[in-house]
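Colleague: File name input_30.txt; file contents compact mmCIF, C-alpha atoms; full text below.
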# COMPACT_ATOMS: atom_id res chain seq x y z
CA MET D 362 0.00 0.00 0.00
CA ILE D 363 1.30 3.46 -0.95
CA ILE D 364 0.61 6.29 1.50
CA VAL D 365 1.14 9.89 0.41
CA ALA D 366 0.71 12.74 2.92
CA ASN D 367 -0.89 10.30 5.39
CA GLN D 368 -3.51 9.14 2.89
CA PRO D 369 -3.81 6.15 0.55
CA ILE D 370 -3.58 7.26 -3.05
CA ARG D 371 -4.80 6.06 -6.41
CA LEU D 372 -2.29 6.38 -9.21
CA SER D 373 -2.71 6.74 -12.96
CA PRO D 374 -0.36 4.98 -15.41
CA SER D 375 -0.21 8.09 -17.59
CA GLU D 376 1.88 9.81 -14.90
CA TRP D 377 4.62 7.18 -14.80
CA SER D 378 7.20 5.44 -16.94
CA PRO D 379 6.51 1.73 -17.58
CA PHE D 380 9.30 0.83 -15.14
CA ALA D 381 7.88 2.93 -12.32
CA TRP D 382 4.28 1.94 -13.02
CA TYR D 383 5.09 -1.79 -12.82
CA TRP D 384 6.80 -1.39 -9.44
CA LEU D 385 4.22 0.97 -8.01
CA GLN D 386 1.56 -1.62 -8.77
CA GLN D 387 3.62 -4.18 -6.88
CA LEU D 388 3.84 -1.87 -3.86
CA GLN D 389 0.12 -1.15 -3.95
CA MET D 390 -0.63 -4.87 -3.68
CA ARG D 391 1.58 -5.41 -0.61
CA ASN D 392 0.36 -5.14 2.96
CA THR D 393 3.43 -3.15 3.96
CA PRO D 394 2.79 0.62 3.89
CA TYR D 395 5.18 2.61 1.70
CA VAL D 396 5.04 6.15 3.08
CA TYR D 397 5.88 9.31 1.14
CA GLN D 398 5.61 12.90 2.35
CA SER D 399 4.23 14.19 -0.94
CA LEU D 400 3.52 13.20 -4.52
CA GLU D 401 6.73 15.02 -5.48
CA HIS D 402 8.64 12.77 -3.06
CA LEU D 403 7.06 9.69 -4.61
CA HIS D 404 7.87 10.80 -8.15
CA PHE D 405 11.46 11.67 -7.29
CA GLU D 406 12.20 8.38 -5.56
CA TRP D 407 11.06 6.38 -8.55
CA ASN D 408 12.82 8.65 -11.02
CA LEU D 409 16.03 8.15 -9.03
CA ARG D 410 15.49 4.39 -8.69
CA GLU D 411 15.07 4.13 -12.45
CA SER D 412 18.12 6.31 -13.01
CA LEU D 413 20.20 4.06 -10.70
CA VAL D 414 19.13 0.98 -12.62
CA SER D 415 19.94 2.72 -15.90
CA ALA D 416 23.33 3.86 -14.63
CA ALA D 417 24.19 0.31 -13.53
CA GLU D 418 23.14 -1.15 -16.87
CA GLY D 419 25.06 1.57 -18.71
CA LEU D 420 28.22 0.99 -16.69
CA ASN D 421 27.97 -2.68 -17.55
CA ARG D 422 28.01 -1.75 -21.25
CA SER D 423 30.63 1.01 -20.98
CA GLY D 424 33.80 -1.08 -21.24
CA VAL D 425 35.11 -0.35 -17.73
CA ASN D 426 37.30 -3.10 -16.33
CA PHE D 427 37.66 -4.77 -12.96
CA ALA D 428 40.99 -4.14 -11.17
CA SER D 429 42.48 -4.09 -7.70
CA PHE D 430 43.40 -0.75 -6.12
CA GLU D 431 47.03 -1.40 -7.11
CA ALA D 432 46.08 -1.81 -10.77
CA SER D 433 43.31 0.78 -11.01
CA ARG D 434 43.32 3.37 -13.77
CA CYS D 435 41.31 6.41 -14.85
CA ASN D 436 41.13 9.04 -17.57
CA PRO D 437 43.89 11.56 -16.66
CA ALA D 438 42.02 14.33 -18.47
CA PHE D 439 39.38 14.21 -15.72
CA TRP D 440 40.92 12.45 -12.70
CA ASN D 441 44.24 12.20 -10.87
CA ARG D 442 45.07 8.71 -9.60
CA ASN D 443 46.50 8.88 -6.06
CA THR D 444 49.04 6.57 -4.45
CA GLU D 445 46.30 4.34 -2.95
CA GLY D 446 44.62 3.76 -6.30
CA GLY D 447 41.78 6.22 -5.78
CA PHE D 448 40.64 8.83 -8.27
CA GLU D 449 40.71 12.52 -7.29
CA LEU D 450 38.75 14.95 -9.46
CA ARG D 451 40.95 17.43 -11.29
CA PRO D 452 40.39 21.05 -10.17
CA ASP D 453 39.48 22.13 -13.72
CA VAL D 454 36.73 19.49 -14.07
CA THR D 455 33.22 19.68 -12.66
CA PRO D 456 31.88 16.69 -10.73
CA ALA D 457 29.24 16.10 -13.41
CA GLU D 458 31.86 16.07 -16.17
CA GLY D 459 34.07 13.67 -14.23
CA ILE D 460 31.30 11.20 -13.46
CA ARG D 461 29.84 11.36 -16.96
CA ASP D 462 33.22 10.58 -18.54
CA ILE D 463 33.29 7.16 -16.88
CA TRP D 464 30.35 6.11 -19.04
CA GLN D 465 31.65 7.91 -22.12
CA ASN D 466 35.22 6.55 -21.95
CA GLY D 467 34.80 3.38 -19.95
CA ARG D 468 37.77 1.57 -21.46
CA LEU D 469 40.10 4.10 -19.83
CA TYR D 470 38.90 3.05 -16.37
CA ALA D 471 39.50 0.06 -14.11
CA PHE D 472 38.49 -0.28 -10.45
CA GLU D 473 37.11 -2.76 -7.94
CA CYS D 474 33.47 -3.32 -7.08
CA ALA D 475 33.06 -1.06 -4.04
CA THR D 476 34.28 1.91 -6.08
CA ALA D 477 31.97 0.86 -8.90
CA THR D 478 29.03 0.89 -6.51
CA VAL D 479 29.69 4.47 -5.45
CA ILE D 480 30.19 5.49 -9.09
CA VAL D 481 26.77 4.12 -9.99
CA LEU D 482 25.24 5.99 -7.06
CA TYR D 483 26.73 9.24 -8.32
CA GLY D 484 25.66 8.45 -11.88
CA GLY D 485 22.10 7.74 -10.85
CA VAL D 486 21.86 10.91 -8.80
CA LEU D 487 23.35 12.94 -11.66
CA GLY D 488 20.52 11.70 -13.85
CA SER D 489 17.88 12.86 -11.36
CA ILE D 490 18.92 16.24 -9.97
CA ARG D 491 19.89 19.58 -11.51
CA GLU D 492 23.48 19.57 -12.76
CA GLU D 493 24.39 22.77 -10.90
CA ALA D 494 23.09 21.19 -7.71
CA PHE D 495 25.13 18.04 -8.36
CA ASN D 496 28.28 20.12 -8.88
CA SER D 497 27.62 22.05 -5.68
CA LEU D 498 26.82 19.00 -3.53
CA PHE D 499 29.67 16.79 -4.72
CA ARG D 500 32.68 19.10 -5.04
CA ASN D 501 36.18 17.60 -4.65
CA LEU D 502 35.09 14.06 -5.48
CA LEU D 503 37.24 11.12 -4.45
CA LEU D 504 36.43 7.72 -5.91
CA PHE D 505 38.03 5.10 -3.69
CA ASP D 506 36.58 2.01 -2.07
CA TRP D 507 33.43 2.83 -0.08
CA HIS D 508 34.29 6.53 0.38
CA TYR D 509 31.32 8.68 -0.54
CA ASP D 510 30.09 12.23 -0.07
CA SER D 511 27.84 12.74 2.94
CA ASP D 512 25.20 14.38 0.74
CA LEU D 513 24.30 10.96 -0.63
CA ARG D 514 23.04 10.27 2.89
CA LEU D 515 23.12 6.52 2.42
CA THR D 516 20.71 4.59 4.59
CA GLU D 517 21.19 1.01 5.78
CA LYS D 518 18.45 -1.35 6.84
CA ASN D 519 17.93 -5.07 7.22
CA GLY D 520 15.45 -6.88 5.01
CA LYS D 521 16.74 -8.19 1.70
CA GLU D 522 13.24 -9.41 0.90
CA THR D 523 12.07 -5.77 0.87
CA ALA D 524 14.75 -4.60 -1.60
CA LEU D 525 13.61 -2.56 -4.57
CA PRO D 526 15.30 -1.66 -7.87
CA GLY D 527 18.20 0.70 -7.31
CA ASP D 528 19.00 -0.69 -3.86
CA VAL D 529 22.52 -1.91 -3.05
CA LEU D 530 22.95 -5.41 -1.62
CA TYR D 531 25.94 -7.63 -0.89
CA PHE D 532 26.79 -11.25 -1.63
CA LYS D 533 29.34 -12.48 0.92
CA ASN D 534 31.84 -15.28 0.28
CA PRO D 535 32.96 -16.23 3.83
CA ASP D 536 35.39 -18.97 2.78
CA VAL D 537 37.15 -17.00 0.06
CA SER D 538 40.57 -18.34 -0.88
CA PRO D 539 43.46 -16.22 0.44
CA GLU D 540 44.84 -16.36 -3.10
CA THR D 541 41.84 -14.44 -4.47
CA PRO D 542 40.80 -11.95 -1.77
CA GLU D 543 39.10 -9.77 -4.35
CA TRP D 544 36.33 -12.40 -4.49
CA GLN D 545 35.40 -12.12 -0.80
CA GLY D 546 32.06 -10.75 -1.94
CA GLU D 547 30.18 -8.74 -4.51
CA ASN D 548 28.38 -5.42 -4.15
CA VAL D 549 25.34 -5.38 -6.40
CA PHE D 550 22.48 -3.18 -7.51
CA MET D 551 19.07 -4.75 -7.76
CA LEU D 552 17.74 -4.20 -11.28
CA GLN D 553 14.54 -6.25 -11.15
CA GLU D 554 13.33 -9.44 -9.52
CA ASP D 555 16.40 -11.66 -9.11
CA ARG D 556 18.52 -9.62 -11.53
CA TYR D 557 21.54 -7.79 -10.19
CA TYR D 558 24.49 -5.83 -11.52
CA GLY D 559 27.88 -6.38 -9.88
CA HIS D 560 31.10 -4.95 -11.29
CA GLY D 561 33.36 -7.84 -12.27
CA ILE D 562 30.48 -10.29 -12.69
CA GLY D 563 28.05 -8.25 -14.74
CA ILE D 564 24.29 -8.71 -14.79
CA ALA D 565 23.24 -12.03 -13.29
CA SER D 566 20.77 -13.83 -11.07
CA SER D 567 21.46 -14.55 -7.39
CA GLN D 568 22.27 -18.20 -8.19
CA GLU D 569 24.72 -17.17 -10.89
CA ILE D 570 26.48 -14.72 -8.56
CA ILE D 571 26.70 -17.30 -5.78
CA HIS D 572 28.01 -19.90 -8.24
CA THR D 573 30.73 -17.48 -9.40
CA LEU D 574 31.82 -16.61 -5.86
CA ASN D 575 31.88 -20.26 -4.86
CA GLN D 576 34.58 -20.91 -7.46
CA PHE D 577 36.93 -18.81 -5.34
CA ARG D 578 36.62 -20.58 -1.97
CA PHE D 579 39.54 -22.27 -0.30
CA PRO D 580 39.85 -25.98 -1.24
CA GLY D 581 37.43 -28.25 0.56
CA SER D 582 35.09 -25.49 1.70
CA ARG D 583 31.44 -26.47 2.06
CA THR D 584 30.25 -23.00 3.06
CA SER D 585 28.49 -21.28 0.19
CA ALA D 586 28.45 -17.61 -0.63
CA TYR D 587 25.13 -15.99 0.25
CA LEU D 588 23.13 -12.79 -0.04
CA MET D 589 23.40 -10.72 3.13
CA ASP D 590 20.33 -9.17 4.71
CA MET D 591 21.46 -5.55 4.52
CA VAL D 592 20.04 -3.07 2.00
CA ILE D 593 21.54 0.35 1.23
CA TYR D 594 19.92 3.26 -0.60
CA PRO D 595 20.27 7.07 -0.77
CA ASP D 596 18.05 9.52 1.10
CA PHE D 597 15.42 10.04 -1.56
CA LEU D 598 13.51 12.69 0.38
CA TYR D 599 16.62 14.80 1.03
CA LEU D 600 17.80 14.61 -2.58
CA SER D 601 14.33 15.43 -3.93
CA ARG D 602 14.84 19.10 -3.02
CA TYR D 603 17.35 19.20 -5.90
CA ALA D 604 15.11 17.48 -8.47
CA LYS D 605 15.38 18.58 -12.09
CA ASN D 606 11.73 19.56 -12.02
CA ASN D 607 9.90 20.46 -8.86
CA PHE D 608 7.10 18.24 -10.12
CA ASP D 609 6.90 16.53 -13.47
CA SER D 610 3.85 14.40 -14.14
CA ASN D 611 5.55 12.68 -17.07
CA PRO D 612 9.26 12.60 -16.24
CA ASP D 613 11.77 11.86 -18.99
CA ILE D 614 14.48 9.61 -17.59
CA SER D 615 15.61 8.13 -20.90
CA THR D 616 19.07 9.80 -20.72
CA PRO D 617 20.03 10.08 -17.05
CA VAL D 618 23.78 10.05 -17.64
CA LEU D 619 24.74 10.05 -21.29
CA PRO D 620 22.89 11.85 -24.07
CA GLY D 621 22.06 9.39 -26.82
CA GLN D 622 22.48 6.21 -24.79
CA LEU D 623 19.82 3.98 -23.37
CA TYR D 624 19.19 4.78 -19.67
CA VAL D 625 22.05 5.64 -19.46
CA ARG D 626 34.39 8.76 2.77
CA ILE D 627 32.09 5.76 3.56
CA GLY D 628 32.51 6.28 7.32
CA GLY D 629 31.24 2.76 7.98
CA SER D 630 30.12 -0.30 6.09
CA ARG D 631 33.61 -1.33 5.11
CA TYR D 632 32.59 -4.97 5.26
CA LEU D 633 30.90 -4.41 1.93
CA ARG D 634 34.29 -4.02 0.32
CA THR D 635 35.41 -6.68 -2.12
Show this structure as structure tokens.
Modeller:
Amino acid sequence: MIIVANQPIRLSPSEWSPFAWYWLQQLQMRNTPYVYQSLEHLHFEWNLRESLVSAAEGLNRSGVNFASFEASRCNPAFWNRNTEGGFELRPDVTPAEGIRDIWQNGRLYAFECATATVIVLYGGVLGSIREEAFNSLFRNLLLFDWHYDSDLRLTEKNGKETALPGDVLYFKNPDVSPETPEWQGENVFMLQEDRYYGHGIGIASSQEIIHTLNQFRFPGSRTSAYLMDMVIYPDFLYLSRYAKNNFDSNPDISTPVLPGQLYVRIGGSRYLRT
């Protein structure tokens, strides 16, 4: 059930993209109340969720590579690589330009999956808020591990069964081989029912991700990789104040990151790192 401004609400498909309409129907049929402060809040959350899914799918197609921090690389026209393998935004580049270039010139980039997760979060937000607001909120970007700007206001909760598209989850591989520590787990974005994007694996089902991780256990292990119960997502209500349109009854999210393409310091949570 969807509650807006303390009242149940009836929605019209003409106001939503097919993606959002499908999921809103699913929420309406559940007993759990999904509470929004306003119709603008509801619209923004689902615009951003769709933009996050699109950014993840676009990054999967972009040609970026998986690499350890020691072997990471970036486009030097937009980023400076520091001694730890992180990417620091050049002072002559705006945050929007730097993030957008990762999709435009993916083959120049290589990083591990925690960094990829934060990149997708920035990409999704860039597709949903005004560019000048993005540049103001996310000045002096550093892309490294699970470091992120506090204005993403990431929220953690338990309840993997309640995850929605655009949420971040984690597959843990507790018996990972010491020879392949990079496979100790996989950060993923939920795209749809049982479809996830994880940098280094790509788009796959939960069984496929678990099967991949299980190939990198120490010999003789009988403990399988598994999906953890934690779900992470940005503060949709807070970010909605920077929405591209204060209220758009027919939002266009077809190009959230790249024109012409289809859809296109974490303080804590370091156990998500792979």
Colleague: Using all atoms listed in the file, can you list as a ChimeraX atom specification the residues within 12 Å of (17.8, 18.0, -7.1)?
Modeller: /D:401-402,405-406,408-409,485-498,512-513,596-608
Colleague: How many Å lie between CA of Val454 in chain D and CA of His508 in chain D, rounded to one decimal?
Modeller: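 CA of Val454 in chain D sits 19.6 Å away from CA of His508 in chain D.
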Colleague: Which residue is closest to Ser582 in chain D? Choose from D:Ile562, D:Ile364, D:Met551, D:Val537 and count all atoms listed in the file.
Modeller: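 Comparing D:Ile562, D:Ile364, D:Met551, D:Val537 against Ser582 in chain D, the winner is D:Val537.
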Colleague: What is the CA of Asn519 in chain D to CA of Ala417 in chain D distance in Å?
Modeller: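 Separating CA of Asn519 in chain D from CA of Ala417 in chain D is a distance of 22.3 Å.
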Colleague: Choose the residue, out of D:Tyr557, D:Thr523, D:Gln576, D:Thr516, that has the smallest atom-to-atom separation from Pro595 in chain D; count only C-alpha atoms.
Modeller: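 Comparing D:Tyr557, D:Thr523, D:Gln576, D:Thr516 against Pro595 in chain D, the winner is D:Thr516.
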Colleague: Which residues are close to range 379-389 of chain D, i.e. within 7 Å by all atoms listed in the file, leaving aside same-chain residues fewer than 2 positions away? Reply as a PyMOL selection string.
Modeller: chain D and resi 362-363+374+377+391+407
Colleague: Can you pull out the residues contacting Asp510 in chain D? Cut-off 12 Å, using all atoms listed in the file, and skip same-chain residues under 6 positions away; I want them as JSON, numbers by chain.
Modeller: {"D": [456, 479, 480, 482, 483, 495, 496, 497, 498, 499, 500, 501, 502, 503, 504, 595, 626, 627, 628]}
Colleague: Could you jot down the CA of Pro539 in chain D to CA of Ser585 in chain D separation for me, Å, one decimal place?
Modeller: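 Calculated distance between CA of Pro539 in chain D and CA of Ser585 in chain D is 15.8 Å.
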Colleague: For Ala438 in chain D, which residue out of D:Leu552, D:Ile593, D:Ala471, D:Ile463 is the nearest one, using all atoms listed in the file?
Modeller: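 The answer is D:Ile463, which sits nearest to Ala438 in chain D.
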Colleague: Using only C-alpha atoms, which residues sit within 9 Å of range 475-478 of chain D once same-chain residues fewer than 4 positions away are excluded, as a list of chain:residue names?
Modeller: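 Counting only C-alpha atoms, the residues come to D:Ala417, D:Leu420, D:Phe427, D:Gly447, D:Leu482, D:Tyr483, D:Leu504, D:Phe505, D:Asp506, D:Trp507, D:His508, D:Val529, D:Glu547, D:Asn548, D:Val549, D:Phe550, D:Gly559, D:His560, D:Leu633, D:Arg634, D:Thr635.
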Colleague: Using C-alpha atoms, can you export the residues from the last selection as an mmCIF file, in the coordinates of the input?
Modeller:
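Dumped everything to part_31.cif:
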data_model
loop_
_atom_site.group_PDB
_atom_site.id
_atom_site.type_symbol
_atom_site.label_atom_id
_atom_site.label_comp_id
_atom_site.auth_asym_id
_atom_site.auth_seq_id
_atom_site.Cartn_x
_atom_site.Cartn_y
_atom_site.Cartn_z
ATOM 1 C CA ALA D 417 24.190 0.310 -13.530
ATOM 2 C CA LEU D 420 28.220 0.990 -16.690
ATOM 3 C CA PHE D 427 37.660 -4.770 -12.960
ATOM 4 C CA GLY D 447 41.780 6.220 -5.780
ATOM 5 C CA LEU D 482 25.240 5.990 -7.060
ATOM 6 C CA TYR D 483 26.730 9.240 -8.320
ATOM 7 C CA LEU D 504 36.430 7.720 -5.910
ATOM 8 C CA PHE D 505 38.030 5.100 -3.690
ATOM 9 C CA ASP D 506 36.580 2.010 -2.070
ATOM 10 C CA TRP D 507 33.430 2.830 -0.080
ATOM 11 C CA HIS D 508 34.290 6.530 0.380
ATOM 12 C CA VAL D 529 22.520 -1.910 -3.050
ATOM 13 C CA GLU D 547 30.180 -8.740 -4.510
ATOM 14 C CA ASN D 548 28.380 -5.420 -4.150
ATOM 15 C CA VAL D 549 25.340 -5.380 -6.400
ATOM 16 C CA PHE D 550 22.480 -3.180 -7.510
ATOM 17 C CA GLY D 559 27.880 -6.380 -9.880
ATOM 18 C CA HIS D 560 31.100 -4.950 -11.290
ATOM 19 C CA LEU D 633 30.900 -4.410 1.930
ATOM 20 C CA ARG D 634 34.290 -4.020 0.320
ATOM 21 C CA THR D 635 35.410 -6.680 -2.120
#
Colleague: Restricting the calculation to only C-alpha atoms: of D:Leu530, D:Ser399, D:Arg442, D:Gly459, which residue gets closest to Gln368 in chain D?
Modeller: D:Ser399
Colleague: Determine, counting all atoms listed in the file, which protein, DNA and RNA residues have an atom within 8 Å of an atom of Arg556 in chain D; residues of the same chain fewer than 3 positions away are not included. Present the result as an mmCIF file with C-alpha atoms, keeping the file's coordinate frame.
Modeller:
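After the write, selection_3.cif holds the following:
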data_model
loop_
_atom_site.group_PDB
_atom_site.id
_atom_site.type_symbol
_atom_site.label_atom_id
_atom_site.label_comp_id
_atom_site.auth_asym_id
_atom_site.auth_seq_id
_atom_site.Cartn_x
_atom_site.Cartn_y
_atom_site.Cartn_z
ATOM 1 C CA MET D 551 19.070 -4.750 -7.760
ATOM 2 C CA LEU D 552 17.740 -4.200 -11.280
ATOM 3 C CA GLN D 553 14.540 -6.250 -11.150
ATOM 4 C CA ILE D 564 24.290 -8.710 -14.790
ATOM 5 C CA ALA D 565 23.240 -12.030 -13.290
ATOM 6 C CA SER D 566 20.770 -13.830 -11.070
ATOM 7 C CA SER D 567 21.460 -14.550 -7.390
#
Colleague: Using only C-alpha atoms, give me every residue within 10 Å of (33.0, -16.3, -7.9) in file coordinates, as a list in words.
Modeller: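 Protein, DNA and RNA residues close to (33.0, -16.3, -7.9): Asn534, Val537, Thr541, Glu543, Trp544, Gln545, Gly546, Glu547, Gly561, Ile562, Glu569, Ile570, Ile571, His572, Thr573, Leu574, Asn575, Gln576, Phe577, Arg578 and Ala586 of chain D.
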Colleague: Pick out the closest residue to Tyr587 in chain D from this set: D:Glu554, D:Asp528, D:Asp536, D:Glu376. Count all atoms listed in the file.
Modeller: D:Asp536
Colleague: Centre and edge lengths of an axis-aligned box around all listed atoms of range 396-408 of chain D, with 6 Å added on each side, are to be given in Å to one decimal, as lines of an AutoDock Vina configuration file.
Modeller:
center_x = 8.2
center_y = 10.6
center_z = -4.0
size_x = 21.3
size_y = 20.9
size_z = 26.1
